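**Q** Structure supplied as work-v8.cif; contents: mmCIF, C-alpha atoms.
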data_run
#
loop_
_atom_site.label_atom_id
_atom_site.label_comp_id
_atom_site.auth_asym_id
_atom_site.auth_seq_id
_atom_site.Cartn_x
_atom_site.Cartn_y
_atom_site.Cartn_z
CA MET A 1 178.91 68.02 105.58
CA ILE A 2 178.61 71.14 107.77
CA ILE A 3 178.16 74.59 106.26
CA ASP A 4 179.06 77.49 108.54
CA PRO A 5 176.03 79.84 108.53
CA VAL A 6 178.16 82.91 109.30
CA THR A 7 180.44 82.46 106.30
CA LEU A 8 177.40 81.63 104.17
CA ILE A 9 175.70 84.90 105.12
CA VAL A 10 178.88 86.87 104.45
CA ALA A 11 179.22 85.18 101.06
CA LEU A 12 175.58 85.76 100.08
CA ILE A 13 175.89 89.50 100.76
CA THR A 14 178.99 89.67 98.58
CA VAL A 15 177.45 87.62 95.78
CA ALA A 16 174.26 89.68 95.89
CA THR A 17 175.90 93.12 95.70
CA PRO A 18 176.51 93.32 91.90
CA VAL A 19 172.95 92.17 91.16
CA LEU A 20 171.55 94.54 93.80
CA LEU A 21 173.33 97.55 92.28
CA ALA A 22 172.14 96.72 88.77
CA ALA A 23 168.58 96.00 89.94
CA ILE A 24 168.16 99.20 91.96
CA GLY A 25 169.37 101.21 88.97
CA GLU A 26 166.96 99.41 86.64
CA LEU A 27 164.12 100.01 89.11
CA VAL A 28 164.64 103.77 88.76
CA VAL A 29 164.74 103.42 84.97
CA GLU A 30 161.47 101.49 84.90
CA LYS A 31 159.85 103.93 87.33
CA SER A 32 160.43 106.56 84.64
CA GLY A 33 158.47 104.45 82.15
CA VAL A 34 161.43 102.94 80.27
CA LEU A 35 162.41 99.27 79.96
CA ASN A 36 166.15 98.80 79.41
CA LEU A 37 167.06 95.21 78.56
CA GLY A 38 170.71 96.19 78.15
CA VAL A 39 171.61 95.73 81.83
CA GLU A 40 173.83 92.73 81.04
CA GLY A 41 175.80 94.74 78.50
CA MET A 42 176.25 97.68 80.86
CA MET A 43 177.40 95.39 83.67
CA ILE A 44 180.04 93.68 81.51
CA MET A 45 181.29 97.08 80.32
CA GLY A 46 181.58 98.20 83.91
CA ALA A 47 183.47 95.02 84.74
CA VAL A 48 186.07 95.43 81.99
CA CYS A 49 186.48 99.20 82.44
CA GLY A 50 186.83 98.81 86.20
CA PHE A 51 189.39 96.04 85.91
CA ILE A 52 191.46 97.88 83.31
CA ALA A 53 191.45 101.03 85.45
CA ALA A 54 192.41 99.06 88.55
CA HIS A 55 195.33 97.40 86.75
CA GLU A 56 196.62 100.50 84.96
CA SER A 57 196.18 103.03 87.78
CA GLY A 58 196.50 100.85 90.87
CA SER A 59 193.57 102.73 92.41
CA PRO A 60 190.36 100.90 93.40
CA THR A 61 188.56 104.26 93.58
CA LEU A 62 189.39 105.03 89.95
CA ALA A 63 188.36 101.48 89.07
CA PHE A 64 184.85 102.00 90.41
CA VAL A 65 184.58 105.42 88.80
CA ALA A 66 185.67 103.90 85.48
CA GLY A 67 183.15 101.10 85.89
CA MET A 68 180.34 103.57 86.47
CA ALA A 69 181.51 105.64 83.49
CA GLY A 70 181.60 102.56 81.26
CA GLY A 71 178.06 101.53 82.17
CA ALA A 72 176.77 105.10 81.87
CA ALA A 73 178.45 105.57 78.47
CA LEU A 74 176.69 102.50 77.13
CA SER A 75 173.38 103.69 78.57
CA VAL A 76 173.77 106.96 76.65
CA ILE A 77 173.52 104.96 73.43
CA PHE A 78 170.28 103.40 74.63
CA ALA A 79 168.92 106.78 75.75
CA VAL A 80 169.68 108.42 72.40
CA LEU A 81 168.13 105.56 70.46
CA THR A 82 164.93 105.34 72.51
CA GLN A 83 164.33 108.90 73.70
CA LEU A 84 165.65 110.99 70.80
CA LEU A 85 165.38 108.66 67.81
CA MET A 86 162.27 106.89 69.19
CA ALA A 87 163.63 103.40 68.49
CA ASN A 88 161.95 100.33 69.98
CA GLN A 89 163.04 99.87 73.60
CA VAL A 90 163.12 96.07 73.56
CA ALA A 91 165.15 95.82 70.37
CA SER A 92 167.51 98.61 71.49
CA GLY A 93 168.09 96.95 74.87
CA LEU A 94 168.86 93.57 73.34
CA ALA A 95 171.22 95.21 70.84
CA LEU A 96 172.91 97.05 73.72
CA THR A 97 173.56 93.78 75.55
CA LEU A 98 175.09 92.15 72.47
CA PHE A 99 177.16 95.26 71.73
CA GLY A 100 178.37 95.49 75.32
CA LEU A 101 179.41 91.84 75.44
CA GLY A 102 181.34 92.17 72.19
CA LEU A 103 183.00 95.48 73.04
CA ALA A 104 184.01 94.26 76.51
CA ALA A 105 185.60 91.15 75.02
CA LEU A 106 187.57 93.36 72.63
CA LEU A 107 188.72 95.81 75.32
CA GLY A 108 189.65 93.01 77.72
CA VAL A 109 192.08 91.22 75.41
CA GLY A 110 195.35 90.68 77.28
CA TYR A 111 193.95 91.52 80.72
CA PRO A 112 192.85 88.13 82.11
CA GLY A 113 195.11 87.20 85.02
CA GLN A 114 196.65 90.66 85.36
CA PRO A 115 197.29 91.86 88.95
CA ILE A 116 195.11 94.50 90.57
CA PRO A 117 195.35 96.18 94.00
CA ASP A 118 193.42 94.85 96.97
CA VAL A 119 190.40 96.82 98.13
CA ALA A 120 190.77 97.88 101.75
CA LYS A 121 188.02 97.29 104.31
CA PRO A 122 186.65 100.59 105.69
CA LEU A 123 186.07 99.42 109.28
CA PRO A 124 188.77 98.61 111.87
CA GLU A 125 189.92 95.02 112.21
CA ALA A 126 188.93 94.90 115.89
CA ILE A 127 185.30 95.46 114.95
CA ARG A 128 185.44 92.94 112.12
CA GLU A 129 186.67 90.23 114.51
CA ILE A 130 183.68 90.45 116.86
CA GLU A 131 182.12 87.00 117.03
CA VAL A 132 179.24 86.37 114.60
CA ILE A 133 178.13 89.97 114.06
CA GLY A 134 181.62 91.17 113.14
CA PRO A 135 181.95 89.14 109.94
CA ILE A 136 178.28 89.55 109.00
CA LEU A 137 177.92 93.30 109.57
CA PHE A 138 181.38 94.86 109.58
CA SER A 139 183.66 92.82 107.30
CA HIS A 140 182.46 94.12 103.94
CA ASP A 141 183.96 96.64 101.55
CA LEU A 142 182.68 100.18 101.08
CA VAL A 143 180.78 99.39 97.86
CA THR A 144 178.64 96.80 99.66
CA TYR A 145 177.58 99.36 102.24
CA LEU A 146 177.04 101.87 99.43
CA ALA A 147 174.68 99.43 97.68
CA ILE A 148 172.53 99.08 100.81
CA ALA A 149 172.59 102.85 101.37
CA LEU A 150 171.51 103.29 97.74
CA VAL A 151 168.42 101.17 98.38
CA VAL A 152 167.48 103.45 101.29
CA ALA A 153 168.20 106.58 99.23
CA VAL A 154 166.12 105.41 96.26
CA TRP A 155 163.22 104.52 98.56
CA LEU A 156 163.35 107.93 100.22
CA VAL A 157 163.58 109.81 96.93
CA LEU A 158 160.72 107.88 95.33
CA THR A 159 158.37 108.13 98.30
CA ARG A 160 159.35 111.29 100.17
CA THR A 161 160.55 113.88 97.65
CA ARG A 162 159.11 115.98 94.86
CA ALA A 163 161.73 114.60 92.46
CA GLY A 164 160.48 111.09 93.14
CA LEU A 165 156.88 112.18 92.59
CA ILE A 166 157.82 113.73 89.25
CA LEU A 167 159.72 110.59 88.20
CA ARG A 168 156.74 108.38 89.04
CA ALA A 169 154.38 110.77 87.26
CA VAL A 170 156.51 110.58 84.12
CA GLY A 171 156.49 106.79 84.28
CA GLU A 172 152.77 106.45 84.89
CA SER A 173 151.55 108.97 82.32
CA HIS A 174 153.88 110.47 79.76
CA ASP A 175 151.21 112.76 78.30
CA ALA A 176 149.96 114.05 81.65
CA ALA A 177 153.49 114.82 82.85
CA HIS A 178 154.25 116.61 79.59
CA ALA A 179 151.03 118.64 79.91
CA LEU A 180 152.11 119.73 83.39
CA GLY A 181 155.33 121.12 81.92
CA TYR A 182 157.80 118.41 82.96
CA LYS A 183 160.71 117.68 80.62
CA VAL A 184 159.87 114.01 80.06
CA VAL A 185 162.78 113.21 77.75
CA ARG A 186 165.30 114.89 80.04
CA ILE A 187 163.96 113.09 83.12
CA ARG A 188 164.04 109.71 81.40
CA PHE A 189 167.51 110.43 80.01
CA LEU A 190 168.84 111.10 83.53
CA ALA A 191 167.11 107.99 84.90
CA ILE A 192 168.71 105.85 82.17
CA LEU A 193 172.13 107.34 82.97
CA PHE A 194 171.63 106.55 86.65
CA GLY A 195 170.67 102.98 85.81
CA GLY A 196 173.73 102.59 83.59
CA ALA A 197 176.07 103.93 86.26
CA CYS A 198 174.62 101.53 88.85
CA ALA A 199 174.96 98.58 86.48
CA GLY A 200 178.54 99.60 85.67
CA LEU A 201 179.39 99.86 89.36
CA GLY A 202 177.94 96.38 89.88
CA GLY A 203 180.13 95.06 87.07
CA ALA A 204 183.23 96.74 88.50
CA PHE A 205 182.46 95.19 91.89
CA LEU A 206 182.28 91.80 90.22
CA SER A 207 185.69 92.03 88.53
CA VAL A 208 187.62 94.08 91.12
CA ILE A 209 186.30 92.70 94.42
CA ARG A 210 184.41 89.46 94.03
CA VAL A 211 186.44 87.68 91.32
CA GLU A 212 189.56 89.91 91.28
CA ASN A 213 190.08 89.05 87.64
CA TRP A 214 188.72 89.81 84.19
CA VAL A 215 187.10 86.90 82.38
CA GLU A 216 185.15 87.27 79.15
CA GLY A 217 181.42 86.87 79.81
CA MET A 218 181.97 86.91 83.57
CA THR A 219 178.57 88.48 84.33
CA ALA A 220 177.01 85.14 83.31
CA GLY A 221 173.43 86.40 83.21
CA ALA A 222 173.61 88.67 86.27
CA GLY A 223 172.00 91.49 84.27
CA TRP A 224 169.02 89.31 83.40
CA ILE A 225 168.66 88.30 87.04
CA ALA A 226 168.63 92.00 87.96
CA LEU A 227 165.77 92.56 85.51
CA ALA A 228 163.88 89.64 87.03
CA LEU A 229 164.46 91.00 90.55
CA VAL A 230 162.76 94.27 89.66
CA VAL A 231 159.64 92.34 88.64
CA PHE A 232 159.96 90.08 91.68
CA ALA A 233 160.13 93.17 93.91
CA SER A 234 157.03 94.77 92.33
CA TRP A 235 159.18 97.87 91.76
CA LYS A 236 159.78 98.38 95.51
CA PRO A 237 163.40 99.05 96.64
CA TRP A 238 163.19 97.03 99.86
CA ARG A 239 161.97 93.96 97.99
CA VAL A 240 164.84 94.37 95.52
CA LEU A 241 167.23 94.10 98.47
CA LEU A 242 165.51 90.96 99.79
CA GLY A 243 165.37 89.39 96.34
CA ALA A 244 169.07 90.07 95.73
CA TRP A 245 169.96 88.46 99.06
CA LEU A 246 167.77 85.46 98.22
CA PHE A 247 169.57 85.00 94.91
CA GLY A 248 172.95 85.57 96.59
CA GLY A 249 172.16 82.99 99.27
CA ILE A 250 171.25 80.32 96.73
CA ALA A 251 174.32 81.08 94.61
CA ALA A 252 176.64 81.00 97.65
CA LEU A 253 175.06 77.76 98.88
CA GLN A 254 175.45 75.98 95.56
CA LEU A 255 179.16 76.91 95.46
CA ARG A 256 179.64 75.33 98.88
CA LEU A 257 177.69 72.23 97.86
CA GLN A 258 179.97 71.88 94.83
CA ALA A 259 183.05 72.20 97.04
CA ALA A 260 181.64 69.51 99.35
CA GLU A 261 181.14 67.20 96.33
CA VAL A 262 177.57 66.29 97.18
CA GLY A 263 175.85 63.70 95.02
CA VAL A 264 174.16 66.28 92.78
CA PRO A 265 175.22 67.05 89.19
CA VAL A 266 177.36 70.17 88.97
CA ALA A 267 175.30 71.50 86.07
CA LEU A 268 172.16 71.33 88.20
CA LEU A 269 173.87 73.18 91.05
CA ASP A 270 175.09 75.87 88.64
CA ALA A 271 171.56 76.33 87.32
CA SER A 272 169.87 76.32 90.75
CA PRO A 273 169.91 80.14 91.34
CA TYR A 274 168.30 80.73 87.95
CA LEU A 275 165.77 77.91 88.44
CA VAL A 276 164.72 79.36 91.79
CA THR A 277 164.37 82.79 90.18
CA ILE A 278 162.06 81.34 87.52
CA VAL A 279 159.98 79.51 90.12
CA VAL A 280 159.57 82.66 92.22
CA LEU A 281 158.52 84.67 89.16
CA VAL A 282 155.96 82.00 88.20
CA ILE A 283 154.51 82.05 91.73
CA ILE A 284 154.30 85.85 91.74
CA SER A 285 152.67 85.89 88.30
CA SER A 286 150.12 83.29 89.41
CA ASP A 287 149.25 85.31 92.51
CA ARG A 288 148.79 88.47 90.47
CA ARG A 289 146.65 86.67 87.90
CA ARG A 290 144.50 85.20 90.64
CA ALA A 291 144.12 88.61 92.26
CA SER A 292 143.12 90.24 88.98
CA MET A 293 140.55 87.49 88.33
CA ASN A 294 139.08 87.86 91.82
CA ALA A 295 138.87 91.65 91.64
CA PRO A 296 135.65 91.79 89.52
CA ALA A 297 133.94 89.29 91.84
CA ALA A 298 134.94 91.30 94.90
CA LEU A 299 133.62 94.49 93.33
CA GLY A 300 130.37 92.70 92.50
CA ARG A 301 129.94 91.64 96.11
CA ILE A 302 130.61 95.17 97.33
CA PHE A 303 128.09 96.58 94.84
CA HIS A 304 125.49 93.96 95.82
CA ALA A 305 125.97 94.67 99.52
CA SER A 306 125.64 98.40 99.02
CA SER A 307 122.43 98.00 97.03
#
Using C-alpha cells, write down the structure from this file.
**A**
Amino acid sequence: MIIDPVTLIVALITVATPVLLAAIGELVVEKSGVLNLGVEGMMIMGAVCGFIAAHESGSPTLAFVAGMAGGAALSVIFAVLTQLLMANQVASGLALTLFGLGLAALLGVGYPGQPIPDVAKPLPEAIREIEVIGPILFSHDLVTYLAIALVVAVWLVLTRTRAGLILRAVGESHDAAHALGYKVVRIRFLAILFGGACAGLGGAFLSVIRVENWVEGMTAGAGWIALALVVFASWKPWRVLLGAWLFGGIAALQLRLQAAEVGVPVALLDASPYLVTIVVLVIISSDRRRASMNAPAALGRIFHASS
C-alpha cells in the first residue's frame, strides 16, 4: 500500500479547515472570559443553513453568509442567557448544542442529496498544476485561505492592538476591566457573536465544500474537537492552526487506510483522530501539572540562593 504524501497533505488541509474555523472563533470567545460549549450546535446550524442557501440560491457566497448567520444567530441565544440573564455557561452551552442539533435536523428535512453549485477555485489552473507545491499551496478554495488568514488576523489583534489588549483584560479580570470603564458585557457579546459566525462558517464549509451534501449529524463531534484544540493550543492562534492540521492529517490518513482495506477494524480507524486528541490532551495536562508542582521547588532554590 502506497499513500501519496501530496494528496494526503491536500486532504488534511481540507479536513482541518472546519475545525480550524470553529476553534479560532472559540479561542476569541475564551479570551474574553467565556466558555461556550455550544460549538457543535453552531457548526451544525451553519452546515444546514449554508446547504439550504446553496441549493435554493445557487450561490456559494450566499451559502457561506447564511452559514455564518446561522451560527451567529444561535450564539445570540447563548450570549443572552449567559451575559444578560446570568445563566450558567456550561449548562447553557450544552443546551445550545442539543438545541442546534435538533433544529438543524428539523430544517434539513428533504434536503439530503439535493444538488448544490460547485465552489470555484480562486487561483488559475496553471498555478494549481505546478508539481508538488501547486496542489499543496494553490489548489484550495477561498474559505481555506480565509481560515489561515483569520489565524494571522486574530494573532495580530490579540497581541498588537488595543482592542486585543482590552479583550484579554476583560477575560483575565472582569472586575478590573469594569472599573477601568470597559463595557464588559458588550465586549463579551461581540466575542460570542464572532465565535458563532466562525463556527457557522466552518459548518457551511463542511456541507458545501467538503461533503457537498447535507446529512443529519454530519459534524460528528467536530465542535468538541475544536474545543479540545483551544486547550491543546494553550489559547495561542498559531498552535490552533498546528493542532487542526494534526487532527486533519490523522483523519485524512485513516480514510485512506480504510480505502486500502488494511487489517485494522474500521471502528478503530474511525475513532483514531479522537483517540489521538485525548492522548495529546493527557500529555499536555501531565506536563502542566508537573510544571506547577516543580514551580514551588524552583522558587525555593532561587530564594535559598539569594539568601
**Q** Run the PyMOL selection byres ((chain A and resi 141) around 10) against the file shown and list the residues it catches, as a VMD selection string.
**A** chain A and resid 14 119 to 123 138 to 140 142 to 146 205 209
**Q** Measuring atom to atom with only C-alpha atoms, identify which of A:Leu37, A:Ala179, A:Leu21, A:Ala69 is nearest to A:Ala91.
**A**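 Closest to A:Ala91 of all the choices is A:Leu37.
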**Q** Please, what distance in Å, to one decimal, runs between atom CA of A:Leu206 and atom CA of A:Met45?
**A**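 Atom CA of A:Met45 lies at a distance of 11.3 Å from atom CA of A:Leu206.
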**Q** Give me, as CSV, each residue of stretch 87-204 of chain A that comes within 10 Å of stretch 219-231 of chain A, together with its shortest interatomic pair and the distance in Å at one decimal, counting all atoms listed in the file, with rows ordered by chain and rising residue number.
**A**
residue,atom,partner,partner_atom,distance
A:Thr97,CA,A:Gly223,CA,9.1
A:Leu101,CA,A:Thr219,CA,9.5
A:Ala199,CA,A:Gly223,CA,8.0
A:Gly202,CA,A:Gly223,CA,9.5
A:Gly203,CA,A:Thr219,CA,7.3
**Q** What is the distance between atom CA of A:Val39 and atom CA of A:Leu158, in Å to one decimal?
**A** 21.2 Å
**Q** So which residues touch A:Ile52 within 12 Å, counting all atoms listed in the file, skipping near sequence neighbours fewer than 4 positions away, as a PDB file with C-alpha atoms, in the coordinates of the input?
**A**
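Writing done, so here's result.pdb:
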ATOM      1  CA  MET A  45     181.290  97.080  80.320  1.00  0.00           C
ATOM      2  CA  GLY A  46     181.580  98.200  83.910  1.00  0.00           C
ATOM      3  CA  ALA A  47     183.470  95.020  84.740  1.00  0.00           C
ATOM      4  CA  VAL A  48     186.070  95.430  81.990  1.00  0.00           C
ATOM      5  CA  GLU A  56     196.620 100.500  84.960  1.00  0.00           C
ATOM      6  CA  SER A  57     196.180 103.030  87.780  1.00  0.00           C
ATOM      7  CA  GLY A  58     196.500 100.850  90.870  1.00  0.00           C
ATOM      8  CA  SER A  59     193.570 102.730  92.410  1.00  0.00           C
ATOM      9  CA  PRO A  60     190.360 100.900  93.400  1.00  0.00           C
ATOM     10  CA  LEU A  62     189.390 105.030  89.950  1.00  0.00           C
ATOM     11  CA  ALA A  63     188.360 101.480  89.070  1.00  0.00           C
ATOM     12  CA  PHE A  64     184.850 102.000  90.410  1.00  0.00           C
ATOM     13  CA  VAL A  65     184.580 105.420  88.800  1.00  0.00           C
ATOM     14  CA  ALA A  66     185.670 103.900  85.480  1.00  0.00           C
ATOM     15  CA  GLY A  67     183.150 101.100  85.890  1.00  0.00           C
ATOM     16  CA  GLY A  70     181.600 102.560  81.260  1.00  0.00           C
ATOM     17  CA  ALA A 104     184.010  94.260  76.510  1.00  0.00           C
ATOM     18  CA  LEU A 107     188.720  95.810  75.320  1.00  0.00           C
ATOM     19  CA  GLY A 108     189.650  93.010  77.720  1.00  0.00           C
ATOM     20  CA  VAL A 109     192.080  91.220  75.410  1.00  0.00           C
ATOM     21  CA  GLY A 110     195.350  90.680  77.280  1.00  0.00           C
ATOM     22  CA  TYR A 111     193.950  91.520  80.720  1.00  0.00           C
ATOM     23  CA  PRO A 112     192.850  88.130  82.110  1.00  0.00           C
ATOM     24  CA  GLY A 113     195.110  87.200  85.020  1.00  0.00           C
ATOM     25  CA  GLN A 114     196.650  90.660  85.360  1.00  0.00           C
ATOM     26  CA  PRO A 115     197.290  91.860  88.950  1.00  0.00           C
ATOM     27  CA  ILE A 116     195.110  94.500  90.570  1.00  0.00           C
ATOM     28  CA  PRO A 117     195.350  96.180  94.000  1.00  0.00           C
ATOM     29  CA  ALA A 204     183.230  96.740  88.500  1.00  0.00           C
ATOM     30  CA  SER A 207     185.690  92.030  88.530  1.00  0.00           C
ATOM     31  CA  VAL A 208     187.620  94.080  91.120  1.00  0.00           C
ATOM     32  CA  GLU A 212     189.560  89.910  91.280  1.00  0.00           C
ATOM     33  CA  ASN A 213     190.080  89.050  87.640  1.00  0.00           C
ATOM     34  CA  TRP A 214     188.720  89.810  84.190  1.00  0.00           C
ATOM     35  CA  VAL A 215     187.100  86.900  82.380  1.00  0.00           C
TER      36      VAL A 215
END
**Q** Can you list, as JSON, numbers by chain, the residues that the PyMOL selection byres ((chain A and resi 72) around 10) selects here?
**A** {"A": [42, 43, 45, 46, 66, 67, 68, 69, 70, 71, 73, 74, 75, 76, 77, 78, 192, 193, 194, 195, 196, 197, 198, 199, 200, 201]}
